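*Asks:* This is input06.cif (mmCIF, C-alpha atoms and all ligand atoms).
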data_model
#
loop_
_atom_site.label_atom_id
_atom_site.label_comp_id
_atom_site.auth_asym_id
_atom_site.auth_seq_id
_atom_site.Cartn_x
_atom_site.Cartn_y
_atom_site.Cartn_z
CA MET A 1 24.70 57.20 27.99
CA LYS A 2 25.12 60.98 28.04
CA PHE A 3 26.26 62.82 24.90
CA SER A 4 29.78 63.63 26.18
CA THR A 5 30.42 59.97 26.95
CA LYS A 6 29.04 58.87 23.59
CA VAL A 7 31.30 61.16 21.55
CA VAL A 8 34.33 59.61 23.24
CA HIS A 9 33.26 55.96 23.28
CA ALA A 10 30.43 55.18 20.84
CA GLY A 11 31.26 52.73 18.05
CA VAL A 12 34.87 52.34 19.07
CA LYS A 13 36.26 49.13 20.54
CA PRO A 14 39.91 48.24 21.22
CA CYS A 15 41.49 46.18 18.41
CA PRO A 16 40.90 42.49 19.32
CA VAL A 17 44.35 41.52 17.99
CA THR A 18 46.67 44.17 19.50
CA GLY A 19 44.52 46.05 22.00
CA ALA A 20 45.13 49.33 20.10
CA ILE A 21 42.71 51.79 21.71
CA MET A 22 42.26 53.71 18.44
CA THR A 23 40.47 51.98 15.56
CA PRO A 24 43.14 51.08 13.00
CA ILE A 25 43.04 52.49 9.47
CA TYR A 26 42.19 49.38 7.46
CA GLN A 27 43.87 50.49 4.25
CA THR A 28 42.78 47.53 2.17
CA SER A 29 40.54 46.97 -0.82
CA THR A 30 39.83 43.29 -0.27
CA TYR A 31 39.84 40.57 2.41
CA VAL A 32 41.17 37.01 2.23
CA GLN A 33 38.58 34.21 2.41
CA ALA A 34 39.31 30.77 3.94
CA ALA A 35 37.09 29.07 1.34
CA PRO A 36 34.74 30.63 -1.23
CA GLY A 37 32.15 32.57 0.75
CA ASP A 38 33.85 31.79 4.08
CA HIS A 39 34.89 35.24 5.29
CA LYS A 40 34.82 37.34 8.45
CA GLY A 41 32.01 39.67 7.33
CA TYR A 42 34.25 41.65 5.00
CA GLU A 43 34.49 40.91 1.28
CA TYR A 44 35.32 44.08 -0.61
CA ALA A 45 36.00 47.54 0.77
CA ARG A 46 33.34 49.43 -1.19
CA THR A 47 30.83 47.25 0.64
CA GLN A 48 32.44 47.04 4.12
CA ASN A 49 35.47 48.48 5.86
CA PRO A 50 36.11 48.16 9.62
CA THR A 51 37.29 51.78 10.05
CA ARG A 52 34.16 52.97 8.29
CA ASP A 53 32.01 50.61 10.38
CA ALA A 54 33.33 52.13 13.61
CA LEU A 55 32.56 55.62 12.35
CA GLN A 56 29.09 54.64 11.10
CA ASP A 57 28.24 53.17 14.51
CA ALA A 58 29.59 56.24 16.32
CA ILE A 59 27.60 58.64 14.18
CA ALA A 60 24.39 56.62 14.55
CA ALA A 61 24.81 56.73 18.35
CA LEU A 62 25.33 60.52 18.38
CA GLU A 63 22.03 61.03 16.52
CA ASN A 64 20.18 58.48 18.70
CA GLY A 65 19.75 56.38 15.55
CA LYS A 66 20.04 52.66 14.95
CA TYR A 67 21.84 52.85 11.61
CA GLY A 68 24.57 55.08 10.20
CA LEU A 69 26.05 55.18 6.71
CA CYS A 70 29.02 57.28 5.61
CA PHE A 71 29.60 58.73 2.15
CA ALA A 72 32.46 60.38 0.30
CA SER A 73 30.90 63.81 0.90
CA GLY A 74 27.74 65.45 2.17
CA MET A 75 26.65 65.74 -1.46
CA ALA A 76 27.21 61.99 -2.02
CA ALA A 77 24.91 61.40 0.97
CA THR A 78 22.31 63.76 -0.54
CA ASP A 79 22.67 61.96 -3.88
CA ALA A 80 21.92 58.61 -2.18
CA VAL A 81 18.77 59.95 -0.51
CA VAL A 82 17.32 61.36 -3.74
CA LYS A 83 18.02 58.01 -5.44
CA LEU A 84 15.34 56.49 -3.19
CA LEU A 85 12.88 58.30 -5.48
CA GLN A 86 11.50 57.63 -8.95
CA PRO A 87 10.67 59.88 -11.91
CA GLY A 88 7.49 61.83 -11.18
CA ASP A 89 8.05 61.87 -7.42
CA GLU A 90 8.03 65.28 -5.75
CA VAL A 91 10.18 66.75 -3.00
CA ILE A 92 9.24 69.81 -0.97
CA ALA A 93 12.36 71.59 0.25
CA THR A 94 13.12 74.71 2.22
CA ASN A 95 13.83 77.72 -0.03
CA ASP A 96 16.85 78.81 2.04
CA LEU A 97 18.88 75.75 1.14
CA TYR A 98 22.59 74.90 1.04
CA GLY A 99 23.71 75.98 -2.47
CA GLY A 100 25.06 72.56 -3.43
CA THR A 101 21.80 70.88 -2.44
CA TYR A 102 19.82 73.34 -4.57
CA ARG A 103 22.22 72.62 -7.44
CA ILE A 104 21.99 68.81 -7.29
CA PHE A 105 18.18 69.05 -7.06
CA THR A 106 17.68 71.48 -9.94
CA LYS A 107 20.63 70.68 -12.22
CA VAL A 108 21.13 66.94 -11.71
CA PHE A 109 17.94 65.25 -10.52
CA ALA A 110 15.33 67.48 -12.18
CA LYS A 111 16.41 66.05 -15.54
CA TYR A 112 15.59 62.56 -14.29
CA GLY A 113 12.00 63.68 -13.77
CA ILE A 114 12.07 64.32 -10.03
CA VAL A 115 10.18 67.50 -9.15
CA PHE A 116 11.40 69.92 -6.48
CA ARG A 117 9.22 72.59 -4.89
CA PHE A 118 10.84 75.23 -2.72
CA VAL A 119 8.81 76.79 0.06
CA ASP A 120 9.43 78.95 3.11
CA MET A 121 9.35 76.24 5.74
CA GLY A 122 8.90 78.84 8.43
CA ASN A 123 5.31 78.86 7.20
CA ILE A 124 3.71 75.50 7.96
CA GLU A 125 0.63 76.30 5.85
CA ASP A 126 2.89 76.80 2.80
CA ILE A 127 4.30 73.30 3.27
CA LYS A 128 0.83 71.79 3.64
CA SER A 129 -0.47 73.45 0.51
CA ALA A 130 2.56 72.31 -1.53
CA VAL A 131 1.79 68.63 -0.83
CA THR A 132 0.34 66.81 -3.86
CA PRO A 133 -0.45 63.11 -4.44
CA ALA A 134 3.05 62.81 -6.01
CA THR A 135 4.91 64.20 -2.96
CA ARG A 136 7.25 61.66 -1.39
CA MET A 137 9.72 63.67 0.64
CA LEU A 138 10.11 66.79 2.79
CA TRP A 139 13.62 68.24 2.90
CA VAL A 140 14.48 70.37 5.91
CA GLU A 141 17.59 72.31 6.74
CA THR A 142 17.72 74.10 10.11
CA PRO A 143 19.33 76.45 10.95
CA THR A 144 19.24 77.43 7.28
CA ASN A 145 22.19 78.77 5.41
CA PRO A 146 23.01 81.64 5.41
CA LEU A 147 19.99 83.36 7.00
CA MET A 148 19.85 81.12 10.09
CA LYS A 149 16.11 80.61 9.83
CA ILE A 150 14.86 77.95 12.19
CA VAL A 151 12.37 75.40 10.88
CA ASP A 152 10.15 73.71 13.44
CA ILE A 153 11.26 70.11 12.90
CA GLU A 154 8.39 68.56 14.84
CA ALA A 155 5.79 70.54 12.88
CA VAL A 156 7.31 69.35 9.59
CA THR A 157 7.66 65.70 10.61
CA THR A 158 4.01 65.79 11.69
CA ILE A 159 3.00 66.84 8.16
CA GLY A 160 5.30 64.08 6.86
CA LYS A 161 3.59 61.43 8.98
CA GLU A 162 0.07 62.65 8.14
CA ASN A 163 0.86 62.36 4.43
CA ASN A 164 3.06 59.27 4.54
CA LEU A 165 6.17 61.18 3.40
CA LEU A 166 9.81 60.75 4.31
CA THR A 167 11.20 63.70 6.23
CA VAL A 168 14.91 64.33 5.70
CA VAL A 169 16.69 66.77 8.01
CA ASP A 170 20.09 68.17 7.06
CA ASN A 171 21.54 68.61 10.55
CA THR A 172 24.95 69.90 9.43
CA PHE A 173 24.64 73.42 10.90
CA ALA A 174 23.40 72.28 14.30
CA SER A 175 25.37 69.04 14.76
CA PRO A 176 23.93 66.33 17.01
CA TYR A 177 25.20 68.30 20.01
CA LEU A 178 22.46 70.90 19.47
CA GLN A 179 19.54 68.87 18.16
CA ASN A 180 18.57 65.30 17.29
CA PRO A 181 15.94 65.29 14.51
CA LEU A 182 15.23 61.54 14.73
CA ASP A 183 13.90 62.17 18.25
CA MET A 184 11.55 64.74 16.69
CA GLY A 185 10.16 62.25 14.17
CA ALA A 186 12.54 62.64 11.19
CA SER A 187 13.00 59.61 8.90
CA ILE A 188 16.58 60.38 7.86
CA VAL A 189 19.21 62.75 9.27
CA LEU A 190 21.87 63.96 6.85
CA HIS A 191 25.26 65.41 7.76
CA SER A 192 28.11 66.98 5.94
CA LEU A 193 30.70 65.56 8.34
CA THR A 194 33.11 67.98 6.69
CA LYS A 195 31.83 70.69 9.03
CA TYR A 196 31.31 70.50 12.82
CA MET A 197 31.49 66.72 13.09
CA ALA A 198 35.05 66.37 11.77
CA GLY A 199 35.64 69.92 12.95
CA HIS A 200 39.20 70.58 11.77
CA SER A 201 38.76 71.57 8.11
CA ASP A 202 40.84 68.62 6.95
CA VAL A 203 38.36 66.15 5.47
CA VAL A 204 35.28 65.99 3.22
CA MET A 205 32.63 63.40 4.15
CA GLY A 206 28.90 62.87 4.58
CA ALA A 207 26.56 60.63 6.57
CA LEU A 208 22.97 59.40 6.79
CA ILE A 209 21.34 58.14 9.97
CA THR A 210 17.96 56.43 10.34
CA ASN A 211 15.99 54.24 12.74
CA GLU A 212 14.12 52.37 10.00
CA GLU A 213 15.62 49.07 8.92
CA THR A 214 14.10 49.01 5.42
CA LEU A 215 15.22 52.57 4.76
CA ASN A 216 18.72 51.71 5.95
CA ASN A 217 18.78 48.64 3.70
CA ASP A 218 17.70 50.71 0.70
CA LEU A 219 20.31 53.39 1.42
CA LYS A 220 23.02 50.82 2.01
CA PHE A 221 22.15 49.19 -1.30
CA ILE A 222 22.58 52.59 -3.00
CA GLN A 223 25.82 53.26 -1.06
CA ASN A 224 27.29 50.01 -2.34
CA SER A 225 25.80 50.14 -5.84
CA CYS A 226 26.75 53.74 -6.61
CA GLY A 227 29.99 53.58 -4.64
CA GLY A 228 30.27 57.06 -3.12
CA VAL A 229 32.10 55.74 -0.06
CA PRO A 230 34.79 57.46 2.04
CA GLY A 231 38.31 56.07 2.41
CA PRO A 232 39.54 54.60 5.70
CA GLN A 233 42.07 57.40 6.41
CA ASP A 234 39.31 59.97 6.24
CA CYS A 235 37.08 57.81 8.46
CA PHE A 236 39.89 57.77 11.03
CA LEU A 237 40.14 61.56 10.93
CA VAL A 238 36.41 61.97 11.50
CA LEU A 239 36.48 59.42 14.34
CA ARG A 240 39.20 61.51 15.96
CA GLY A 241 37.37 64.76 15.32
CA ILE A 242 34.08 63.74 16.91
CA LYS A 243 35.74 62.85 20.22
CA THR A 244 35.86 66.58 21.02
CA LEU A 245 32.55 67.55 19.40
CA HIS A 246 30.85 68.56 22.67
CA VAL A 247 33.85 70.59 23.89
CA ARG A 248 34.19 72.39 20.57
CA MET A 249 30.45 73.03 20.26
CA ARG A 250 30.28 74.62 23.70
CA GLN A 251 32.98 77.08 22.67
CA HIS A 252 31.43 77.70 19.22
CA CYS A 253 28.14 78.55 20.96
CA GLU A 254 29.73 80.79 23.59
CA ASN A 255 31.76 82.71 20.99
CA GLY A 256 28.82 82.86 18.57
CA ALA A 257 26.59 84.45 21.21
CA LYS A 258 29.26 87.03 22.16
CA ILE A 259 29.90 88.02 18.55
CA ALA A 260 26.17 88.22 17.77
CA ALA A 261 25.73 90.58 20.75
CA PHE A 262 28.71 92.68 19.65
CA LEU A 263 27.35 93.01 16.10
CA ALA A 264 23.78 93.68 17.25
CA ASN A 265 25.07 96.69 19.22
CA HIS A 266 27.42 97.98 16.52
CA PRO A 267 26.32 101.34 15.01
CA LYS A 268 27.42 100.35 11.48
CA VAL A 269 25.67 96.97 11.48
CA ASP A 270 22.14 96.69 10.16
CA LYS A 271 20.71 93.17 10.55
CA VAL A 272 22.18 90.28 12.52
CA TYR A 273 20.90 86.77 11.87
CA TYR A 274 21.62 84.57 14.91
CA PRO A 275 18.96 82.29 16.42
CA GLY A 276 20.19 83.05 19.94
CA LEU A 277 19.17 86.72 19.72
CA SER A 278 15.74 87.38 21.24
CA THR A 279 15.06 89.60 18.20
CA HIS A 280 15.55 86.65 15.82
CA LEU A 281 12.38 85.79 13.92
CA ASN A 282 12.39 82.14 15.07
CA HIS A 283 14.04 82.53 18.48
CA GLU A 284 11.20 80.70 20.28
CA VAL A 285 11.37 77.68 17.97
CA ALA A 286 15.17 77.64 18.33
CA LYS A 287 14.81 77.64 22.13
CA LYS A 288 12.32 74.78 21.93
CA GLN A 289 14.32 72.42 19.71
CA MET A 290 17.99 73.37 20.15
CA LYS A 291 20.21 72.97 23.20
CA ASP A 292 22.12 76.17 22.35
CA PHE A 293 22.43 78.38 19.26
CA GLY A 294 25.65 77.38 17.52
CA GLY A 295 28.52 79.28 15.95
CA MET A 296 27.02 80.33 12.61
CA LEU A 297 25.68 83.82 12.01
CA SER A 298 25.33 86.37 9.27
CA PHE A 299 24.86 90.12 9.11
CA THR A 300 24.46 93.12 6.83
CA LEU A 301 25.89 96.62 7.15
CA LYS A 302 23.88 99.85 7.25
CA ASN A 303 25.94 100.95 4.26
CA ASP A 304 24.45 98.37 1.91
CA SER A 305 26.95 98.85 -0.93
CA ILE A 306 28.82 95.78 -2.06
CA GLU A 307 32.09 97.73 -1.58
CA ALA A 308 31.41 98.19 2.15
CA ALA A 309 30.80 94.46 2.52
CA LEU A 310 33.94 93.62 0.53
CA LYS A 311 35.99 95.87 2.81
CA VAL A 312 34.95 93.79 5.84
CA LEU A 313 35.35 90.51 3.96
CA THR A 314 38.95 91.30 3.05
CA GLY A 315 39.79 93.27 6.19
CA THR A 316 39.85 90.57 8.86
CA HIS A 317 42.99 88.69 9.91
CA LEU A 318 41.77 85.99 12.29
CA PHE A 319 38.63 85.31 10.25
CA SER A 320 39.91 83.76 7.01
CA LEU A 321 38.00 84.42 3.81
CA ALA A 322 36.89 80.93 2.80
CA GLU A 323 33.92 78.71 2.04
CA SER A 324 32.86 75.98 4.45
CA LEU A 325 32.22 76.16 8.19
CA GLY A 326 32.37 74.27 11.45
CA GLY A 327 36.15 74.10 11.88
CA VAL A 328 38.06 75.24 14.97
CA GLU A 329 39.25 78.35 13.09
CA SER A 330 36.96 81.28 12.29
CA LEU A 331 35.91 81.88 8.69
CA ILE A 332 34.22 84.80 6.95
CA GLY A 333 32.35 84.41 3.68
CA HIS A 334 30.22 86.17 1.09
CA PRO A 335 27.27 83.88 0.23
CA ALA A 336 26.26 85.76 -2.94
CA THR A 337 29.59 85.14 -4.67
CA MET A 338 30.85 82.09 -2.76
CA THR A 339 28.61 79.43 -1.20
CA HIS A 340 25.39 80.54 -2.92
CA ALA A 341 26.72 81.64 -6.31
CA SER A 342 25.00 78.63 -7.93
CA ILE A 343 21.58 80.03 -6.94
CA PRO A 344 20.28 82.55 -9.50
CA LYS A 345 20.19 86.15 -8.24
CA GLU A 346 16.35 86.45 -8.47
CA GLU A 347 16.01 83.26 -6.40
CA ARG A 348 18.54 84.57 -3.87
CA LEU A 349 16.76 87.88 -3.48
CA LYS A 350 13.38 86.14 -3.22
CA ALA A 351 14.76 84.13 -0.31
CA GLY A 352 15.94 87.38 1.34
CA LEU A 353 19.62 86.78 0.66
CA ALA A 354 21.12 90.23 0.04
CA ASP A 355 24.25 90.66 -2.07
CA THR A 356 25.78 92.48 0.91
CA LEU A 357 25.22 89.67 3.41
CA ILE A 358 28.34 88.54 5.30
CA ARG A 359 28.46 85.08 6.88
CA LEU A 360 30.64 84.05 9.82
CA SER A 361 31.62 80.60 10.99
CA VAL A 362 32.79 81.46 14.49
CA GLY A 363 35.67 79.25 15.63
CA ILE A 364 36.91 78.36 19.09
CA GLU A 365 39.56 81.07 19.44
CA ASP A 366 39.32 83.71 22.19
CA ALA A 367 36.10 85.69 21.68
CA ASP A 368 37.75 89.03 22.55
CA ASP A 369 40.38 88.54 19.85
CA LEU A 370 37.68 87.68 17.32
CA ILE A 371 35.64 90.75 18.28
CA ALA A 372 38.72 93.01 17.99
CA ASP A 373 39.37 91.56 14.53
CA LEU A 374 35.80 92.23 13.32
CA SER A 375 35.74 95.63 14.98
CA ALA A 376 38.87 96.72 13.08
CA ALA A 377 37.51 95.39 9.77
CA ILE A 378 34.12 97.09 10.15
CA GLY A 379 35.92 100.31 11.11
C1 LIG B 1 28.61 71.56 3.27
C2 LIG B 1 27.18 71.23 3.33
C3 LIG B 1 26.63 70.20 2.54
C4 LIG B 1 27.47 69.42 1.55
O1 LIG B 1 28.47 68.69 2.16
P1 LIG B 1 29.90 68.38 1.48
O2 LIG B 1 30.58 67.57 2.53
O3 LIG B 1 30.56 69.68 1.18
O4 LIG B 1 29.63 67.60 0.23
C5 LIG B 1 25.29 69.92 2.67
N1 LIG B 1 24.50 70.62 3.52
C6 LIG B 1 24.98 71.62 4.27
C7 LIG B 1 24.07 72.36 5.18
C8 LIG B 1 26.32 71.96 4.21
O5 LIG B 1 26.79 72.97 4.95
#
In structure tokens, how does this file's structure come out?
*Replies:*
Amino acid sequence: MKFSTKVVHAGVKPCPVTGAIMTPIYQTSTYVQAAPGDHKGYEYARTQNPTRDALQDAIAALENGKYGLCFASGMAATDAVVKLLQPGDEVIATNDLYGGTYRIFTKVFAKYGIVFRFVDMGNIEDIKSAVTPATRMLWVETPTNPLMKIVDIEAVTTIGKENNLLTVVDNTFASPYLQNPLDMGASIVLHSLTKYMAGHSDVVMGALITNEETLNNDLKFIQNSCGGVPGPQDCFLVLRGIKTLHVRMRQHCENGAKIAAFLANHPKVDKVYYPGLSTHLNHEVAKKQMKDFGGMLSFTLKNDSIEAALKVLTGTHLFSLAESLGGVESLIGHPATMTHASIPKEERLKAGLADTLIRLSVGIEDADDLIADLSAAIG
């Protein structure tokens, strides 16, 4: 089945009782049993819920995976993955990481004895030399946030296989429309469904997808034991959102490319970070592994004062100043004080994240209107 057909149909079956074409919201915490242990596959809603099941199956299909699990947030999904590990185990992660992921690694799990090493995953030799006998997991995010670096997924999963490591790919920024890491050898794909997948800035949720039965069983055990599950109303919203994923992504990509070109030619703009630009450091890798280049980009101004950046950040009307990304409406953000404030300044600067960097989540509005809005704000 082609992707466009899957987003509309995967996981969803008409209700066997009424024929309702949309999966009902099973707003229940428990299920009646005919006799002790004689039930219809549903016992308690932390463990199973039919609305969640439909979503889990849909998401697995979109990532070409066998198994999908949904969590109360992207961070709850991350939490479940790290709980596969034991004290002393090591994780090698990209150094240009989502701020919340860096925070849970360094502030929550480090105190349980799990060791995190951050490397520039653009440099394959750096990953190889960070592997020790205690390494268990490679953690990839691509495109990275907010510098839009592209990590070669296949190169990383190859190192993972050679060293018997799990490779986790956070596919939030790309969405399964642009790339499918399981096809490139990843063990687990992670999503913040909050972003492109749900797509309407109205829900927080996360997901994990895998092809390996034992890994799925372990993650499902953690999902049920720790209980970070999403509610059925939210599952319904995400099921509705993903039906238009391909249509939205096409427009995000088209608008993203137009805005990147506009900024790249603007006399007051210094650097533009967008993987679709031929000048982008990893453009060739992006072309190899992505179908298109997405709607996320960031840039700096030639005037590198924080005041100049703040003037743009507060000067747009269509781009709203807000955290998050991937919704139909355009957002503008300041990583240093917003999404990446939890990363210490020295770490930020080491990763090349300037205090004047401006990040855009380009929505699906008319590109000319968005360009006029940015143009007025940049002045
Ligand atoms: C938002 C985000 C997360 C965390 O997801 P939540 O749904 O906010 O908990 C993880 N990774 C990336 C790349 C994200 O953008």
*Asks:* Name the residues in contact with stretch 2-4 of chain A at a cut-off of 12 Å, using all atoms listed in the file, excluding same-chain residues fewer than 3 positions from it; report them as a PyMOL selection string.
*Replies:* chain A and resi 7-10+58-59+61-64+175-180+242-250+291
*Asks:* Determine, counting all atoms listed in the file, which protein, DNA and RNA residues have an atom within 10 Å of an atom of stretch 274-285 of chain A; residues of the same chain fewer than 6 positions away are not included. Present the result as an NGL selection string.
*Replies:* :A and (122 or 143 or 147-153 or 253 or 256-257 or 259-261 or 264 or 292-299)
*Asks:* Just want the 12 Å neighbourhood of A:Ala372, counted on only C-alpha atoms, with same-chain residues fewer than 2 positions away dropped. Output as a list in words.
*Replies:*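 Final neighbour list, sorted by chain and number: Lys258, Ile259, Phe262, Leu263, Gly315, Thr316, His317, Leu318, Phe319, Asp366, Ala367, Asp368, Asp369, Leu370, Leu374, Ser375, Ala376, Ala377, Ile378 and Gly379 of chain A.
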*Asks:* Could you give me, as a JSON list (two decimals) with C-alpha atoms, keeping the file's coordinate frame, the residues within 10 Å of A:Asp79, counting all atoms listed in the file and dropping anything in the same chain fewer than 3 positions from it?
*Replies:*
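Output contents, as saved in selection.json:
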[["chain", "number", "residue", "atom", "x", "y", "z"],
["A", 71, "PHE", "CA", 29.60, 58.73, 2.15],
["A", 73, "SER", "CA", 30.90, 63.81, 0.90],
["A", 74, "GLY", "CA", 27.74, 65.45, 2.17],
["A", 75, "MET", "CA", 26.65, 65.74, -1.46],
["A", 76, "ALA", "CA", 27.21, 61.99, -2.02],
["A", 82, "VAL", "CA", 17.32, 61.36, -3.74],
["A", 83, "LYS", "CA", 18.02, 58.01, -5.44],
["A", 84, "LEU", "CA", 15.34, 56.49, -3.19],
["A", 101, "THR", "CA", 21.80, 70.88, -2.44],
["A", 104, "ILE", "CA", 21.99, 68.81, -7.29],
["A", 105, "PHE", "CA", 18.18, 69.05, -7.06],
["A", 108, "VAL", "CA", 21.13, 66.94, -11.71],
["A", 109, "PHE", "CA", 17.94, 65.25, -10.52],
["A", 222, "ILE", "CA", 22.58, 52.59, -3.00],
["A", 223, "GLN", "CA", 25.82, 53.26, -1.06],
["A", 226, "CYS", "CA", 26.75, 53.74, -6.61],
["A", 228, "GLY", "CA", 30.27, 57.06, -3.12]]
*Asks:* Point out the residue among A:Lys288, A:His340, A:His334, A:Lys128 with the least atom-to-atom distance to ligand LIG 1 (chain B), counting all atoms listed in the file.
*Replies:* A:His340
*Asks:* Could you report the residues within 10 Å of ligand LIG 1 (chain B), using all atoms listed in the file, as an mmCIF file with C-alpha atoms, in the frame of the given file?
*Replies:*
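New file selection.cif:
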data_model
loop_
_atom_site.group_PDB
_atom_site.id
_atom_site.type_symbol
_atom_site.label_atom_id
_atom_site.label_comp_id
_atom_site.auth_asym_id
_atom_site.auth_seq_id
_atom_site.Cartn_x
_atom_site.Cartn_y
_atom_site.Cartn_z
ATOM 1 C CA PHE A 71 29.600 58.730 2.150
ATOM 2 C CA ALA A 72 32.460 60.380 0.300
ATOM 3 C CA SER A 73 30.900 63.810 0.900
ATOM 4 C CA GLY A 74 27.740 65.450 2.170
ATOM 5 C CA MET A 75 26.650 65.740 -1.460
ATOM 6 C CA ALA A 76 27.210 61.990 -2.020
ATOM 7 C CA ALA A 77 24.910 61.400 0.970
ATOM 8 C CA THR A 78 22.310 63.760 -0.540
ATOM 9 C CA ASP A 79 22.670 61.960 -3.880
ATOM 10 C CA LEU A 97 18.880 75.750 1.140
ATOM 11 C CA TYR A 98 22.590 74.900 1.040
ATOM 12 C CA GLY A 99 23.710 75.980 -2.470
ATOM 13 C CA GLY A 100 25.060 72.560 -3.430
ATOM 14 C CA THR A 101 21.800 70.880 -2.440
ATOM 15 C CA TYR A 102 19.820 73.340 -4.570
ATOM 16 C CA VAL A 140 14.480 70.370 5.910
ATOM 17 C CA GLU A 141 17.590 72.310 6.740
ATOM 18 C CA THR A 142 17.720 74.100 10.110
ATOM 19 C CA PRO A 143 19.330 76.450 10.950
ATOM 20 C CA THR A 144 19.240 77.430 7.280
ATOM 21 C CA ASN A 145 22.190 78.770 5.410
ATOM 22 C CA PRO A 146 23.010 81.640 5.410
ATOM 23 C CA VAL A 169 16.690 66.770 8.010
ATOM 24 C CA ASP A 170 20.090 68.170 7.060
ATOM 25 C CA ASN A 171 21.540 68.610 10.550
ATOM 26 C CA THR A 172 24.950 69.900 9.430
ATOM 27 C CA PHE A 173 24.640 73.420 10.900
ATOM 28 C CA ALA A 174 23.400 72.280 14.300
ATOM 29 C CA LEU A 190 21.870 63.960 6.850
ATOM 30 C CA HIS A 191 25.260 65.410 7.760
ATOM 31 C CA SER A 192 28.110 66.980 5.940
ATOM 32 C CA LEU A 193 30.700 65.560 8.340
ATOM 33 C CA THR A 194 33.110 67.980 6.690
ATOM 34 C CA LYS A 195 31.830 70.690 9.030
ATOM 35 C CA TYR A 196 31.310 70.500 12.820
ATOM 36 C CA VAL A 203 38.360 66.150 5.470
ATOM 37 C CA VAL A 204 35.280 65.990 3.220
ATOM 38 C CA MET A 205 32.630 63.400 4.150
ATOM 39 C CA GLY A 206 28.900 62.870 4.580
ATOM 40 C CA ALA A 207 26.560 60.630 6.570
ATOM 41 C CA GLU A 323 33.920 78.710 2.040
ATOM 42 C CA SER A 324 32.860 75.980 4.450
ATOM 43 C CA LEU A 325 32.220 76.160 8.190
ATOM 44 C CA GLY A 326 32.370 74.270 11.450
ATOM 45 C CA THR A 339 28.610 79.430 -1.200
#
*Asks:* Find the distance between atom CA of A:Arg103 and atom CA of A:Ala155 and write it in Å to one decimal.
*Replies:*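 Atom CA of A:Ala155 lies at a distance of 26.2 Å from atom CA of A:Arg103.
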